[in-house]
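Peer 1: What follows is model29.tsv, TSV, C-alpha atoms and all ligand atoms.
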```tsv
chain	number	residue	atom	x	y	z
K	1188	MET	CA	18.04	-15.61	-7.15
K	1189	SER	CA	16.46	-13.54	-4.36
K	1190	LYS	CA	12.77	-12.78	-4.46
K	1191	VAL	CA	11.69	-9.33	-5.59
K	1192	ALA	CA	9.09	-7.05	-3.96
K	1193	LEU	CA	7.61	-3.95	-5.56
K	1194	VAL	CA	6.33	-1.34	-3.10
K	1195	THR	CA	4.51	1.66	-4.55
K	1196	GLY	CA	4.91	5.01	-2.79
K	1197	ALA	CA	7.95	3.71	-0.90
K	1198	GLY	CA	9.92	6.95	-1.10
K	1199	ARG	CA	8.83	7.69	2.46
K	1200	GLY	CA	6.31	6.86	5.18
K	1201	ILE	CA	4.56	3.51	5.45
K	1202	GLY	CA	5.83	2.33	2.06
K	1203	TYR	CA	9.43	3.03	3.01
K	1204	ALA	CA	9.03	1.11	6.27
K	1205	ILE	CA	7.56	-1.83	4.33
K	1206	ALA	CA	10.41	-1.74	1.81
K	1207	GLY	CA	12.92	-1.70	4.69
K	1208	LYS	CA	11.32	-4.63	6.44
K	1209	LEU	CA	11.13	-6.66	3.23
K	1210	ALA	CA	14.79	-5.84	2.56
K	1211	ASP	CA	15.56	-7.19	6.06
K	1212	GLU	CA	13.78	-10.36	4.94
K	1213	GLY	CA	16.14	-10.60	1.94
K	1214	PHE	CA	13.85	-9.34	-0.83
K	1215	ASN	CA	15.36	-7.25	-3.59
K	1216	ILE	CA	13.30	-4.09	-3.71
K	1217	VAL	CA	11.60	-2.07	-6.43
K	1218	VAL	CA	10.39	1.34	-5.30
K	1219	MET	CA	7.85	3.17	-7.43
K	1220	ASP	CA	7.33	6.80	-6.43
K	1221	ILE	CA	6.92	10.22	-7.99
K	1222	HIS	CA	9.87	11.95	-6.26
K	1223	GLU	CA	12.97	12.93	-8.25
K	1224	GLY	CA	15.69	10.34	-7.72
K	1225	SER	CA	17.89	12.86	-5.89
K	1226	VAL	CA	15.18	13.47	-3.28
K	1227	VAL	CA	15.06	9.81	-2.28
K	1228	ALA	CA	18.75	8.99	-2.85
K	1229	ASP	CA	19.55	8.73	0.89
K	1230	ALA	CA	16.45	6.65	1.51
K	1231	MET	CA	17.37	4.25	-1.30
K	1232	LYS	CA	20.93	4.01	0.04
K	1233	GLY	CA	19.40	3.08	3.40
K	1234	LEU	CA	17.72	0.10	1.69
K	1235	GLU	CA	20.86	-0.90	-0.24
K	1236	ASP	CA	22.84	-0.84	3.00
K	1237	LYS	CA	20.71	-3.80	4.07
K	1238	GLY	CA	22.56	-5.84	1.43
K	1239	VAL	CA	19.84	-6.10	-1.21
K	1240	GLU	CA	19.46	-4.75	-4.73
K	1241	VAL	CA	17.24	-1.70	-5.10
K	1242	LEU	CA	15.64	-0.40	-8.28
K	1243	TYR	CA	14.09	3.05	-8.01
K	1244	CYS	CA	11.45	3.80	-10.67
K	1245	ARG	CA	10.23	7.35	-10.81
K	1246	ALA	CA	6.70	6.62	-11.93
K	1247	ASP	CA	3.17	7.77	-11.25
K	1248	VAL	CA	0.87	4.87	-10.34
K	1249	SER	CA	-2.06	6.63	-12.00
K	1250	ASN	CA	-0.25	6.84	-15.36
K	1251	ALA	CA	-0.48	3.79	-17.66
K	1252	ALA	CA	2.70	4.62	-19.61
K	1253	ASP	CA	4.65	4.97	-16.35
K	1254	ARG	CA	3.33	1.61	-15.11
K	1255	ASN	CA	4.34	-0.10	-18.37
K	1256	ALA	CA	7.84	1.40	-18.31
K	1257	MET	CA	8.27	0.36	-14.69
K	1258	LEU	CA	7.28	-3.25	-15.33
K	1259	GLU	CA	9.66	-3.42	-18.31
K	1260	ALA	CA	12.47	-2.10	-16.09
K	1261	VAL	CA	11.68	-4.74	-13.44
K	1262	LYS	CA	11.68	-7.55	-16.01
K	1263	LYS	CA	14.96	-6.34	-17.47
K	1264	ARG	CA	16.72	-5.93	-14.11
K	1265	PHE	CA	15.37	-8.91	-12.15
K	1266	GLY	CA	13.37	-11.11	-14.53
K	1267	ARG	CA	10.87	-11.82	-11.76
K	1268	LEU	CA	8.43	-10.20	-9.35
K	1269	ASP	CA	7.15	-12.05	-6.29
K	1270	VAL	CA	5.36	-9.48	-4.16
K	1271	LEU	CA	3.34	-6.39	-5.03
K	1272	VAL	CA	2.48	-3.94	-2.25
K	1273	ASN	CA	-0.10	-1.36	-3.35
K	1274	ASN	CA	0.79	1.36	-0.86
K	1275	ALA	CA	0.94	4.67	-2.78
K	1276	GLY	CA	-1.98	6.86	-1.87
K	1277	VAL	CA	-3.01	10.45	-1.31
K	1278	ALA	CA	-5.41	12.37	0.89
K	1279	PRO	CA	-7.54	15.06	-0.77
K	1280	ARG	CA	-5.51	18.28	-1.21
K	1281	VAL	CA	-8.10	20.00	0.97
K	1282	ARG	CA	-10.52	18.37	3.33
K	1283	ALA	CA	-13.94	19.53	2.20
K	1284	ASP	CA	-17.42	18.62	3.40
K	1285	ILE	CA	-19.17	16.18	1.04
K	1286	LEU	CA	-21.91	18.78	0.54
K	1287	GLU	CA	-19.28	20.97	-1.14
K	1288	ALA	CA	-16.30	18.85	-2.23
K	1289	SER	CA	-15.30	19.11	-5.89
K	1290	GLU	CA	-15.40	16.59	-8.69
K	1291	GLU	CA	-11.79	17.49	-9.45
K	1292	SER	CA	-10.69	16.32	-6.00
K	1293	PHE	CA	-12.74	13.14	-6.44
K	1294	GLU	CA	-10.95	12.35	-9.70
K	1295	PHE	CA	-7.52	13.19	-8.26
K	1296	VAL	CA	-7.93	10.84	-5.30
K	1297	MET	CA	-9.67	8.05	-7.20
K	1298	LYS	CA	-7.07	7.93	-9.98
K	1299	ILE	CA	-4.18	7.50	-7.54
K	1300	ASN	CA	-5.82	5.48	-4.78
K	1301	LEU	CA	-8.00	3.19	-6.89
K	1302	GLN	CA	-7.75	3.28	-10.69
K	1303	GLY	CA	-3.94	3.21	-10.78
K	1304	PRO	CA	-3.54	0.38	-8.23
K	1305	TYR	CA	-6.38	-1.57	-9.88
K	1306	PHE	CA	-4.73	-1.61	-13.31
K	1307	LEU	CA	-1.24	-2.04	-11.86
K	1308	THR	CA	-2.56	-5.10	-10.03
K	1309	GLN	CA	-4.14	-6.42	-13.24
K	1310	GLN	CA	-0.79	-6.10	-14.99
K	1311	ILE	CA	1.29	-7.63	-12.18
K	1312	ALA	CA	-1.27	-10.38	-11.57
K	1313	ASN	CA	-0.87	-11.46	-15.20
K	1314	TYR	CA	2.91	-11.47	-14.78
K	1315	MET	CA	2.59	-13.52	-11.58
K	1316	VAL	CA	0.31	-16.05	-13.32
K	1317	GLU	CA	2.92	-16.34	-16.10
K	1318	GLN	CA	5.62	-17.02	-13.51
K	1319	LYS	CA	3.45	-19.57	-11.71
K	1320	GLN	CA	2.69	-21.41	-14.94
K	1321	ALA	CA	6.40	-21.51	-15.81
K	1322	ASP	CA	7.37	-22.73	-12.33
K	1323	ASP	CA	4.89	-24.24	-9.88
K	1324	ALA	CA	7.22	-23.36	-6.98
K	1325	PHE	CA	6.49	-19.65	-7.59
K	1326	ASN	CA	5.19	-18.23	-4.33
K	1327	GLY	CA	3.97	-14.69	-4.88
K	1328	CYS	CA	1.37	-12.52	-3.18
K	1329	ILE	CA	-0.33	-9.14	-3.44
K	1330	ILE	CA	-0.83	-6.82	-0.47
K	1331	ASN	CA	-3.17	-3.83	-0.57
K	1332	ILE	CA	-2.74	-1.00	1.94
K	1333	SER	CA	-6.23	0.41	2.37
K	1334	SER	CA	-7.31	2.21	5.57
K	1335	THR	CA	-9.79	2.17	8.43
K	1336	SER	CA	-11.49	4.69	6.14
K	1337	ALA	CA	-12.68	1.67	4.14
K	1338	THR	CA	-15.34	1.26	6.83
K	1339	VAL	CA	-15.27	4.43	8.98
K	1340	ALA	CA	-17.06	7.41	7.38
K	1341	SER	CA	-15.33	10.83	7.41
K	1342	PRO	CA	-17.66	13.24	5.58
K	1343	SER	CA	-14.83	15.79	5.32
K	1344	ARG	CA	-12.94	13.46	2.92
K	1345	GLY	CA	-15.57	11.34	1.25
K	1346	GLU	CA	-13.49	10.68	-1.86
K	1347	TYR	CA	-10.71	9.17	0.28
K	1348	CYS	CA	-13.15	6.88	2.13
K	1349	LEU	CA	-14.70	5.77	-1.17
K	1350	SER	CA	-11.30	5.00	-2.68
K	1351	LYS	CA	-10.34	2.85	0.30
K	1352	ALA	CA	-13.71	1.06	0.48
K	1353	ALA	CA	-13.31	0.22	-3.21
K	1354	MET	CA	-9.78	-1.01	-2.59
K	1355	SER	CA	-11.26	-3.51	-0.13
K	1356	MET	CA	-13.47	-4.88	-2.89
K	1357	MET	CA	-10.41	-4.89	-5.14
K	1358	THR	CA	-8.74	-7.19	-2.59
K	1359	GLN	CA	-11.69	-9.57	-2.69
K	1360	LEU	CA	-11.93	-9.47	-6.50
K	1361	PHE	CA	-8.28	-10.35	-7.08
K	1362	ALA	CA	-8.31	-12.92	-4.26
K	1363	VAL	CA	-11.20	-14.69	-6.01
K	1364	ARG	CA	-9.64	-14.46	-9.47
K	1365	LEU	CA	-6.13	-15.55	-8.44
K	1366	GLY	CA	-7.25	-18.35	-6.12
K	1367	GLU	CA	-6.87	-21.01	-8.80
K	1368	PHE	CA	-3.21	-20.02	-9.17
K	1369	ASP	CA	-2.63	-20.11	-5.41
K	1370	ILE	CA	-1.58	-16.46	-5.41
K	1371	PRO	CA	-2.94	-14.94	-2.20
K	1372	VAL	CA	-4.21	-11.36	-2.05
K	1373	TYR	CA	-4.33	-9.60	1.31
K	1374	GLU	CA	-5.34	-6.24	2.71
K	1375	ILE	CA	-3.93	-4.22	5.58
K	1376	ARG	CA	-6.09	-1.47	7.06
K	1377	PRO	CA	-3.90	1.02	8.91
K	1378	GLY	CA	-5.48	3.24	11.56
K	1379	ILE	CA	-3.81	6.49	12.60
K	1380	ILE	CA	-0.17	6.25	11.58
K	1381	LYS	CA	2.53	8.87	12.15
K	1382	THR	CA	3.71	9.95	8.68
K	1383	ASP	CA	3.83	13.07	6.50
K	1384	MET	CA	0.25	12.34	5.48
K	1385	THR	CA	-1.05	12.81	9.03
K	1386	ALA	CA	1.42	15.59	9.96
K	1387	VAL	CA	-1.18	18.22	9.02
K	1388	VAL	CA	-3.67	16.82	11.53
K	1389	THR	CA	-1.28	15.97	14.39
K	1390	GLU	CA	-3.09	18.12	16.95
K	1391	LYS	CA	-6.50	16.72	16.06
K	1392	TYR	CA	-5.29	13.12	16.29
K	1393	ASP	CA	-3.26	13.75	19.49
K	1394	ASN	CA	-6.48	14.93	21.07
K	1395	LEU	CA	-8.50	11.96	19.79
K	1396	ILE	CA	-5.88	9.44	20.95
K	1397	PHE	CA	-4.79	10.87	24.29
K	1398	ASN	CA	-7.84	12.86	25.48
K	1399	GLU	CA	-10.86	11.32	23.76
K	1400	GLY	CA	-9.55	7.75	23.99
K	1401	ILE	CA	-10.73	6.59	20.55
K	1402	LEU	CA	-8.10	3.83	20.43
K	1403	LEU	CA	-7.85	0.77	22.70
K	1404	GLN	CA	-4.05	1.05	22.53
K	1405	LYS	CA	-3.32	4.68	23.35
K	1406	ARG	CA	-0.48	5.53	21.00
K	1407	TRP	CA	0.06	6.60	17.41
K	1408	GLY	CA	0.58	3.72	15.02
K	1409	MET	CA	4.04	3.71	13.48
K	1410	PRO	CA	4.97	2.80	9.87
K	1411	GLU	CA	6.84	-0.23	11.31
K	1412	ASP	CA	3.55	-1.57	12.71
K	1413	ILE	CA	2.26	-1.85	9.15
K	1414	ALA	CA	5.60	-3.14	7.85
K	1415	LYS	CA	5.57	-6.08	10.28
K	1416	ALA	CA	2.13	-7.17	9.09
K	1417	ALA	CA	3.23	-6.85	5.45
K	1418	ALA	CA	6.37	-8.92	6.14
K	1419	MET	CA	4.25	-11.69	7.63
K	1420	MET	CA	2.22	-11.80	4.42
K	1421	ALA	CA	5.21	-11.52	2.07
K	1422	ARG	CA	7.06	-14.33	3.90
K	1423	GLY	CA	4.07	-16.60	3.33
K	1424	ASP	CA	3.20	-17.02	7.02
K	1425	ILE	CA	-0.53	-16.82	6.29
K	1426	ALA	CA	-0.41	-18.24	2.76
K	1427	TYR	CA	-3.66	-20.21	3.20
K	1428	SER	CA	-5.66	-17.07	4.07
K	1429	THR	CA	-6.23	-15.33	0.77
K	1430	GLY	CA	-8.60	-12.36	0.97
K	1431	GLN	CA	-7.68	-11.81	4.62
K	1432	VAL	CA	-7.97	-8.29	6.02
K	1433	ILE	CA	-5.71	-7.29	8.92
K	1434	GLU	CA	-6.58	-4.16	10.86
K	1435	VAL	CA	-3.48	-2.49	12.27
K	1436	ASP	CA	-5.25	0.28	14.14
K	1437	GLY	CA	-4.71	-0.05	17.88
K	1438	GLY	CA	-8.24	-1.38	18.25
K	1439	PHE	CA	-9.81	1.75	16.71
K	1440	THR	CA	-12.53	-0.20	14.90
K	1441	LYS	CA	-13.42	-2.54	17.77
K	1442	MET	CA	-16.92	-1.96	19.15
K	1443	ARG	CA	-17.21	-1.33	22.86
K	1444	LEU	CA	-19.97	-0.71	25.38
U	1501	LIG	N1	-0.78	7.70	7.64
U	1501	LIG	C1	-1.93	7.17	7.99
U	1501	LIG	O1	-2.46	7.44	9.07
U	1501	LIG	C2	-2.64	6.20	7.07
U	1501	LIG	C3	-3.78	5.56	7.58
U	1501	LIG	C4	-4.45	4.66	6.76
U	1501	LIG	C5	-3.99	4.40	5.48
U	1501	LIG	N2	-2.89	5.04	5.00
U	1501	LIG	C6	-2.47	4.72	3.64
U	1501	LIG	O2	-1.13	4.25	3.64
U	1501	LIG	C7	-0.50	4.60	2.40
U	1501	LIG	C8	0.81	5.33	2.69
U	1501	LIG	O3	0.51	6.51	3.44
U	1501	LIG	P1	1.60	7.39	4.19
U	1501	LIG	O4	0.97	7.84	5.44
U	1501	LIG	O5	2.90	6.69	4.22
U	1501	LIG	O6	1.63	8.64	3.18
U	1501	LIG	P2	2.83	9.59	2.71
U	1501	LIG	O7	2.18	10.75	2.08
U	1501	LIG	O8	3.79	9.82	3.83
U	1501	LIG	O9	3.58	8.70	1.60
U	1501	LIG	C9	2.94	8.36	0.42
U	1501	LIG	C10	3.97	8.10	-0.68
U	1501	LIG	O10	3.23	7.79	-1.87
U	1501	LIG	C11	3.79	8.53	-2.94
U	1501	LIG	N3	2.83	8.80	-4.00
U	1501	LIG	C12	1.81	9.71	-3.97
U	1501	LIG	N4	1.18	9.73	-5.14
U	1501	LIG	C13	1.79	8.82	-5.94
U	1501	LIG	C14	1.60	8.40	-7.27
U	1501	LIG	N5	0.65	8.95	-8.03
U	1501	LIG	N6	2.40	7.42	-7.77
U	1501	LIG	C15	3.39	6.87	-7.01
U	1501	LIG	N7	3.62	7.26	-5.73
U	1501	LIG	C16	2.84	8.22	-5.21
U	1501	LIG	C17	4.26	9.84	-2.28
U	1501	LIG	O11	5.21	10.51	-3.10
U	1501	LIG	C18	4.83	9.33	-0.96
U	1501	LIG	O12	6.20	8.99	-1.08
U	1501	LIG	C19	-1.52	5.44	1.64
U	1501	LIG	O13	-2.21	4.62	0.71
U	1501	LIG	C20	-2.47	5.91	2.72
U	1501	LIG	O14	-3.75	6.17	2.21
U	1501	LIG	C21	-2.20	5.93	5.77
```
Do you think you could lay out the structure here as structure tokens?
Peer 2:
Amino acid sequence: MSKVALVTGAGRGIGYAIAGKLADEGFNIVVMDIHEGSVVADAMKGLEDKGVEVLYCRADVSNAADRNAMLEAVKKRFGRLDVLVNNAGVAPRVRADILEASEESFEFVMKINLQGPYFLTQQIANYMVEQKQADDAFNGCIINISSTSATVASPSRGEYCLSKAAMSMMTQLFAVRLGEFDIPVYEIRPGIIKTDMTAVVTEKYDNLIFNEGILLQKRWGMPEDIAKAAAMMARGDIAYSTGQVIEVDGGFTKMRL
């Protein structure tokens, strides 16, 4: 039976590109997102047209009951789960200076970007260990989509930076814990990627990329750039590199003189 990959937040953007690329690789796909099914129907059909099975779970990653229901649905439909991609994430609803930003915004971002993925990973990691113990040939992995914001400070969205920095530690924690089961845990740090999330700051980023030259490679990153890195991990190409962090950012975080 084909391997199964769960991609959170794959209704659109980076997650959708990852789901598409993994479908190209022959994975059956589970999409977890908060959109109504009708909103993502065409997108899900696009995945099915690649010849794989697709299960859409309308579920909020920050909600424990939703996570439980989703995992039950996956077990019932496929009876296995080989790859988890923690991709769902949000920016603060408003960018606010850290001298003023609200506790409400902090909680909103942290619950979706950190607490939800952390406990989803705990749950799926246990399921992966179960599968490994039942069959030593089990070859799963976990991929966390963090951000350059894990290391680059933006004081106008401190809560986002904190959530992504913590996700980097989450990668290391699960890599350490799952090492004995040979289940690798990886992290991808996207830079500036053209999606709905960055649509509100297109002008600012156009200026930074094309006039200010903040990137070594002077173009927007595309969701497919992230998807290719995720596919490499999901295929097992770097299976002996647990805890590895790949920056897909056009050289944004490279020091220069
Ligand atoms: N776009 C960028 O420049 C960029 C850069 C670095 C990191 N990232 C990260 O990549 C990931 C994907 O970003 P994107 O640009 O594709 O964003 P996006 O807003 O285009 O897509 C995010 C998807 O996640 C879903 N989602 C939001 N909250 C959810 C929840 N509670 N439960 C389940 N799904 C939920 C949304 O409905 C949406 O379909 C995010 O974690 C983001 O932080 C993006």
Peer 1: Please give me, as a PDB file with C-alpha atoms, keeping the file's coordinate frame, the residues lying within 8 Å of ligand LIG 1501 (chain U) when counting all atoms listed in the file.
Peer 2:
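Dumped everything to part.pdb:
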```pdb
ATOM      1  CA  THR K1195       4.510   1.660  -4.550  1.00  0.00           C
ATOM      2  CA  GLY K1196       4.910   5.010  -2.790  1.00  0.00           C
ATOM      3  CA  ALA K1197       7.950   3.710  -0.900  1.00  0.00           C
ATOM      4  CA  GLY K1198       9.920   6.950  -1.100  1.00  0.00           C
ATOM      5  CA  ARG K1199       8.830   7.690   2.460  1.00  0.00           C
ATOM      6  CA  GLY K1200       6.310   6.860   5.180  1.00  0.00           C
ATOM      7  CA  ILE K1201       4.560   3.510   5.450  1.00  0.00           C
ATOM      8  CA  GLY K1202       5.830   2.330   2.060  1.00  0.00           C
ATOM      9  CA  TYR K1203       9.430   3.030   3.010  1.00  0.00           C
ATOM     10  CA  MET K1219       7.850   3.170  -7.430  1.00  0.00           C
ATOM     11  CA  ASP K1220       7.330   6.800  -6.430  1.00  0.00           C
ATOM     12  CA  ILE K1221       6.920  10.220  -7.990  1.00  0.00           C
ATOM     13  CA  HIS K1222       9.870  11.950  -6.260  1.00  0.00           C
ATOM     14  CA  ARG K1245      10.230   7.350 -10.810  1.00  0.00           C
ATOM     15  CA  ALA K1246       6.700   6.620 -11.930  1.00  0.00           C
ATOM     16  CA  ASP K1247       3.170   7.770 -11.250  1.00  0.00           C
ATOM     17  CA  VAL K1248       0.870   4.870 -10.340  1.00  0.00           C
ATOM     18  CA  SER K1249      -2.060   6.630 -12.000  1.00  0.00           C
ATOM     19  CA  ASN K1250      -0.250   6.840 -15.360  1.00  0.00           C
ATOM     20  CA  ASN K1273      -0.100  -1.360  -3.350  1.00  0.00           C
ATOM     21  CA  ASN K1274       0.790   1.360  -0.860  1.00  0.00           C
ATOM     22  CA  ALA K1275       0.940   4.670  -2.780  1.00  0.00           C
ATOM     23  CA  GLY K1276      -1.980   6.860  -1.870  1.00  0.00           C
ATOM     24  CA  VAL K1277      -3.010  10.450  -1.310  1.00  0.00           C
ATOM     25  CA  ALA K1278      -5.410  12.370   0.890  1.00  0.00           C
ATOM     26  CA  ILE K1299      -4.180   7.500  -7.540  1.00  0.00           C
ATOM     27  CA  ASN K1300      -5.820   5.480  -4.780  1.00  0.00           C
ATOM     28  CA  GLY K1303      -3.940   3.210 -10.780  1.00  0.00           C
ATOM     29  CA  ILE K1332      -2.740  -1.000   1.940  1.00  0.00           C
ATOM     30  CA  SER K1333      -6.230   0.410   2.370  1.00  0.00           C
ATOM     31  CA  SER K1334      -7.310   2.210   5.570  1.00  0.00           C
ATOM     32  CA  THR K1335      -9.790   2.170   8.430  1.00  0.00           C
ATOM     33  CA  SER K1336     -11.490   4.690   6.140  1.00  0.00           C
ATOM     34  CA  TYR K1347     -10.710   9.170   0.280  1.00  0.00           C
ATOM     35  CA  LYS K1351     -10.340   2.850   0.300  1.00  0.00           C
ATOM     36  CA  ARG K1376      -6.090  -1.470   7.060  1.00  0.00           C
ATOM     37  CA  PRO K1377      -3.900   1.020   8.910  1.00  0.00           C
ATOM     38  CA  GLY K1378      -5.480   3.240  11.560  1.00  0.00           C
ATOM     39  CA  ILE K1379      -3.810   6.490  12.600  1.00  0.00           C
ATOM     40  CA  ILE K1380      -0.170   6.250  11.580  1.00  0.00           C
ATOM     41  CA  LYS K1381       2.530   8.870  12.150  1.00  0.00           C
ATOM     42  CA  THR K1382       3.710   9.950   8.680  1.00  0.00           C
ATOM     43  CA  ASP K1383       3.830  13.070   6.500  1.00  0.00           C
ATOM     44  CA  MET K1384       0.250  12.340   5.480  1.00  0.00           C
ATOM     45  CA  THR K1385      -1.050  12.810   9.030  1.00  0.00           C
ATOM     46  CA  GLY K1408       0.580   3.720  15.020  1.00  0.00           C
ATOM     47  CA  PRO K1410       4.970   2.800   9.870  1.00  0.00           C
TER      48      PRO K1410
END
```
Peer 1: Out of K:Phe1265, K:Tyr1243, K:Tyr1305, K:Phe1214, which residue has the shortest atom-to-atom distance to Ala1418 of chain K when counting only C-alpha atoms?
Peer 2: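 Using only C-alpha atoms, Ala1418 of chain K sits closest to K:Phe1214.
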Peer 1: Per residue of segment 1224-1287 of chain K within 8 Å of segment 1327-1331 of chain K, which atom pair is closest and at what distance in Å (one decimal), using all atoms listed in the file, listed by chain and increasing number, as a tab-separated table?
Peer 2:
```
residue	atom	partner	partner_atom	distance
K:Leu1268	CA	K:Gly1327	CA	7.7
K:Asp1269	CA	K:Gly1327	CA	4.4
K:Val1270	CA	K:Cys1328	CA	5.1
K:Leu1271	CA	K:Ile1329	CA	4.9
K:Val1272	CA	K:Ile1330	CA	4.7
K:Asn1273	CA	K:Asn1331	CA	4.8
K:Asn1274	CA	K:Asn1331	CA	6.5
```
Peer 1: Nearest residue to Met1420 of chain K out of K:Phe1368, K:Tyr1373, K:Phe1306, K:Tyr1314, using only C-alpha atoms?
Peer 2: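 Ranked by minimum distance to Met1420 of chain K, first place goes to K:Tyr1373.
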Peer 1: Quick check, in Å to one decimal: how far apart do atom CA of Leu1286 of chain K and atom CA of Lys1391 of chain K lie?
Peer 2: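 About the pair atom CA of Leu1286 of chain K and atom CA of Lys1391 of chain K: they are 22.0 Å apart.
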Peer 1: In Å, how far is it from atom CA of Pro1279 of chain K to atom CA of Glu1374 of chain K?
Peer 2: 21.7 Å
Peer 1: Distance cut-off 12 Å, centre (6.5, -10.6, 10.7) in file coordinates, counting only C-alpha atoms: which residues qualify? Return them as a list of chain:residue names.
Peer 2: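 Output: K:Ile1205, K:Lys1208, K:Leu1209, K:Asp1211, K:Glu1212, K:Glu1411, K:Asp1412, K:Ile1413, K:Ala1414, K:Lys1415, K:Ala1416, K:Ala1417, K:Ala1418, K:Met1419, K:Met1420, K:Ala1421, K:Arg1422, K:Gly1423, K:Asp1424, K:Ile1425.
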Peer 1: Output segment 1330-1342 of chain K with N, CA, C and O atoms present, as a PDB file, keeping the file's coordinate frame.
Peer 2:
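Output below, filename selection.pdb:
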```pdb
ATOM      1  N   ILE K1330      -0.414  -7.418  -1.740  1.00  0.00           N
ATOM      2  CA  ILE K1330      -0.830  -6.820  -0.470  1.00  0.00           C
ATOM      3  C   ILE K1330      -1.355  -5.410  -0.741  1.00  0.00           C
ATOM      4  O   ILE K1330      -0.636  -4.573  -1.306  1.00  0.00           O
ATOM      5  N   ASN K1331      -2.584  -5.156  -0.374  1.00  0.00           N
ATOM      6  CA  ASN K1331      -3.170  -3.830  -0.570  1.00  0.00           C
ATOM      7  C   ASN K1331      -3.205  -3.071   0.755  1.00  0.00           C
ATOM      8  O   ASN K1331      -3.718  -3.593   1.756  1.00  0.00           O
ATOM      9  N   ILE K1332      -2.690  -1.844   0.742  1.00  0.00           N
ATOM     10  CA  ILE K1332      -2.740  -1.000   1.940  1.00  0.00           C
ATOM     11  C   ILE K1332      -3.958  -0.085   1.778  1.00  0.00           C
ATOM     12  O   ILE K1332      -3.920   0.891   1.024  1.00  0.00           O
ATOM     13  N   SER K1333      -5.031  -0.433   2.464  1.00  0.00           N
ATOM     14  CA  SER K1333      -6.230   0.410   2.370  1.00  0.00           C
ATOM     15  C   SER K1333      -6.240   1.369   3.555  1.00  0.00           C
ATOM     16  O   SER K1333      -5.307   2.147   3.732  1.00  0.00           O
ATOM     17  N   SER K1334      -7.232   1.278   4.435  1.00  0.00           N
ATOM     18  CA  SER K1334      -7.310   2.210   5.570  1.00  0.00           C
ATOM     19  C   SER K1334      -8.538   1.840   6.403  1.00  0.00           C
ATOM     20  O   SER K1334      -9.486   1.218   5.888  1.00  0.00           O
ATOM     21  N   THR K1335      -8.546   2.279   7.659  1.00  0.00           N
ATOM     22  CA  THR K1335      -9.790   2.170   8.430  1.00  0.00           C
ATOM     23  C   THR K1335     -10.898   2.940   7.722  1.00  0.00           C
ATOM     24  O   THR K1335     -12.079   2.663   7.920  1.00  0.00           O
ATOM     25  N   SER K1336     -10.493   3.905   6.875  1.00  0.00           N
ATOM     26  CA  SER K1336     -11.490   4.690   6.140  1.00  0.00           C
ATOM     27  C   SER K1336     -12.277   3.834   5.149  1.00  0.00           C
ATOM     28  O   SER K1336     -13.239   4.314   4.549  1.00  0.00           O
ATOM     29  N   ALA K1337     -11.875   2.580   4.964  1.00  0.00           N
ATOM     30  CA  ALA K1337     -12.680   1.670   4.140  1.00  0.00           C
ATOM     31  C   ALA K1337     -14.027   1.408   4.794  1.00  0.00           C
ATOM     32  O   ALA K1337     -15.010   1.096   4.114  1.00  0.00           O
ATOM     33  N   THR K1338     -14.076   1.542   6.123  1.00  0.00           N
ATOM     34  CA  THR K1338     -15.340   1.260   6.830  1.00  0.00           C
ATOM     35  C   THR K1338     -15.809   2.396   7.744  1.00  0.00           C
ATOM     36  O   THR K1338     -16.950   2.400   8.171  1.00  0.00           O
ATOM     37  N   VAL K1339     -14.907   3.334   8.064  1.00  0.00           N
ATOM     38  CA  VAL K1339     -15.270   4.430   8.980  1.00  0.00           C
ATOM     39  C   VAL K1339     -15.512   5.697   8.144  1.00  0.00           C
ATOM     40  O   VAL K1339     -14.622   6.138   7.419  1.00  0.00           O
ATOM     41  N   ALA K1340     -16.695   6.271   8.240  1.00  0.00           N
ATOM     42  CA  ALA K1340     -17.060   7.410   7.380  1.00  0.00           C
ATOM     43  C   ALA K1340     -16.516   8.735   7.921  1.00  0.00           C
ATOM     44  O   ALA K1340     -16.759   9.085   9.078  1.00  0.00           O
ATOM     45  N   SER K1341     -15.764   9.450   7.088  1.00  0.00           N
ATOM     46  CA  SER K1341     -15.330  10.830   7.410  1.00  0.00           C
ATOM     47  C   SER K1341     -15.912  11.743   6.350  1.00  0.00           C
ATOM     48  O   SER K1341     -15.362  11.837   5.237  1.00  0.00           O
ATOM     49  N   PRO K1342     -17.017  12.429   6.624  1.00  0.00           N
ATOM     50  CA  PRO K1342     -17.660  13.240   5.580  1.00  0.00           C
ATOM     51  C   PRO K1342     -16.832  14.440   5.133  1.00  0.00           C
ATOM     52  O   PRO K1342     -17.191  15.113   4.167  1.00  0.00           O
TER      53      PRO K1342
END
```
